[in-house]
Amino acid sequence: MSDLFDIDAAHQVSDMQKRIAELSGLIQRYQNSYYNGEGEVSDAEFDALWDELKRLDPANPLLQRVGQDSGNFAKLHHVMPMGSQEKAADPEAFLEWASKHVYNEYLVEYKLDGASLELQYEHGELVYAVTRGDGSVGDDITVNAKKMHGVQLLLLNDGNRMDFTGGVRGEVIMTHAVHDALYADKANCRNAANGLMKRKDGTGSEHLTLIVYDALSRSDPQPFKDEEEKIQWLRTCGFTTVPLHICKTPQEVIDYRAQVMDIRKSLEYDIDGLVIKERVINRDDAQRTRPDRQIAFKFSLEEAVSVLRSVDWSESGVTYTPVAVFDPVELAGTTVKRASLANPDTIRALKIQLGSRIVVVKRGEIIPKIEAVLPMHEEDTVAPIVYPTVCSVCGTPLVDDGSRLYCPNHVCPKKIHHQLLKWISVVDIRDFGETLVTALYKDGRLTSITDIYTLTKEELTPYFLTQNSIDADKKSLGAEKVIKSIQAHTSLPLSTYIAGFDIEGIGEANADKLIAAGFDTLDKLLAATEEELASVYGFADVMAKTMVAGLKENAAEMRSLIASGYITVQQGEAMGILTGKSFCFTGELHTMKRLDAQNMVKQAGGTIKSSVTKDLSYLVTNDTTSGSSKNKKASQLGITILSEEAFLQLFHTVG
């Protein structure tokens, strides 16, 4: 018993070390291919590996190094360090960074998707051009750089040479037009540019362009006071610079990023995100291998811009849920053209209309959603979204309370039918299929959940056999199976019982939260006020209001089902061998249905969670070495991952 939950921690550590070694090897391999002109993976794929290594082993020395150039050129030290930037892959990560970096203004520049280059000047004359290399030392490709567009051999102002000694940093890019015309055999513009700029004979460098964004004089004072003046000074020197946009708040940065995503395909060169800085030039921070005062806010393969074409209203029970239909986009390797708009409040908050240009996201295992609506173009044509006004079944005027649009008729046939199907699904009454439920409902035999438990084999037989078979005294195996399945599900955990009544938005996970908060009997739940439920972690005013209304509406049948003896509900604080332990299940189980496994946990005093959080006790899966997001997160948080066999052994060991 004492070893019951001591699950091979050493095995987990070993697996983590193997993964760290694997990540380190892959990152070094892809860095080498990237810096030598033949990148093997996309930036998004590389960033995912980098972020995973950072989570598993934050002190790994590889995270403090940049890539390494080839040995084909002489080596030179940089004037300014060319380290890597902190990265944010989505608005949530950016806001987390911004919460620790509160600036009066956020200066935002394009993050160019090319190859870094530093131009070194003495008294205004170009003397060297040095690649990024390892961040401190790079390749001397001066001869090649002098052929590139945008490289200034002399820094002039009104025809006079400028007395500047220091470095100018930029990105070597290939325009889409050049790539399409001359280098379409290369995977992308960046790979083509990287390869050409490092050719020993210099051939092709004349097809490349340098766009700059940074400068540093070797001596003070600097010729500019802040980051905005720096960009203006570079333009005065004749350089092509990145666009600069100034935002007042982090949300403005997020909104601007969405606008840039919208025009990204129309740019003549590739960008893969934005760089966010403060106005003041922070020399000390710039000297770090990985500066902290600025961040690369990257675009993601899980985001795209589309146009809303229509809204379908999905009817689930009495609730009408708006579903956006938009021009198909590729997200995380899949084609997406629909996303839930949740409820009328979401539509109003987004200010979305038919014809709106929208930002669609699909992150991790989350279903697609519309994250933002972009400002209109002059040529855009929009129209308001039309809401349904009456129930499609009973004709009752619909109620729009913001959080949902629904039919308020308590005896609406659609509501009763949906509740019956919900009960069968949640309670898991097998062999009682939707077709049979619908037939019994249409015949008037099922008008409530209670009616399910009054069915007899004789009543069900005509739904399985012809009259001739019945007259011949044939037995219906189908009818027998349904009755046995009903009788096998008469003892239920309180959370299952509540979830079965089809209260909007209330599943077993939310019911478990209320039970854990002390509302562990039906009487306590029925007596609870909106204010009391809203105070429970994971609940809010809207959900609490819906819960109280749903409980009130179903209270009579909830009590009568138990009083009649049809259902026994396990109430009160559950005590057992798993008391205090929480479980999350992912993937299919081989020997049982997931619902059965979850019920085993509940009956033994444990709780079920729908996601991996730091307070989770166990993640149960049939592939403990899977690279799924839940497995990765559990490993990062040090949560024990159990196979199905190990999960079942918990019960066998005690028995």
# chains A, B, ... in the order shown; residues from 1 in each chain; ligands from 1
>>> select_by_dssp(residues="region 273-466 of chain A", states="strand (DSSP E)", output="number ranges by chain")
A: 273-277, 295-298, 303-316, 319-331, 334-340, 357-361, 369-373, 399-400, 405-406
>>> residues_around(residues="region 526-538 of chain A", least_positions_apart="6", cutoff="12 Å", atoms="only C-alpha atoms", output="number ranges by chain")
A: 498, 506, 509-520, 544-556, 558-559
>>> residues_around(residues="region 473-490 of chain A", least_positions_apart="2", cutoff="8 Å", atoms="only C-alpha atoms", output="ChimeraX atom specification")
/A:427-432,452-453,455-458,460-461,464-465,469-471,492,566-568
>>> residues_around(residues="Ile385 (chain A)", least_positions_apart="6", cutoff="9 Å", atoms="only C-alpha atoms", output="list in words")
Ser310, Val311, Ile347, Ile352, Gln353 and Leu354 of chain A
>>> residues_around(residues="Val280 (chain A)", least_positions_apart="6", cutoff="10 Å", atoms="only C-alpha atoms", output="MDAnalysis selection string")
chainID A and resid 103 105 107 225:228
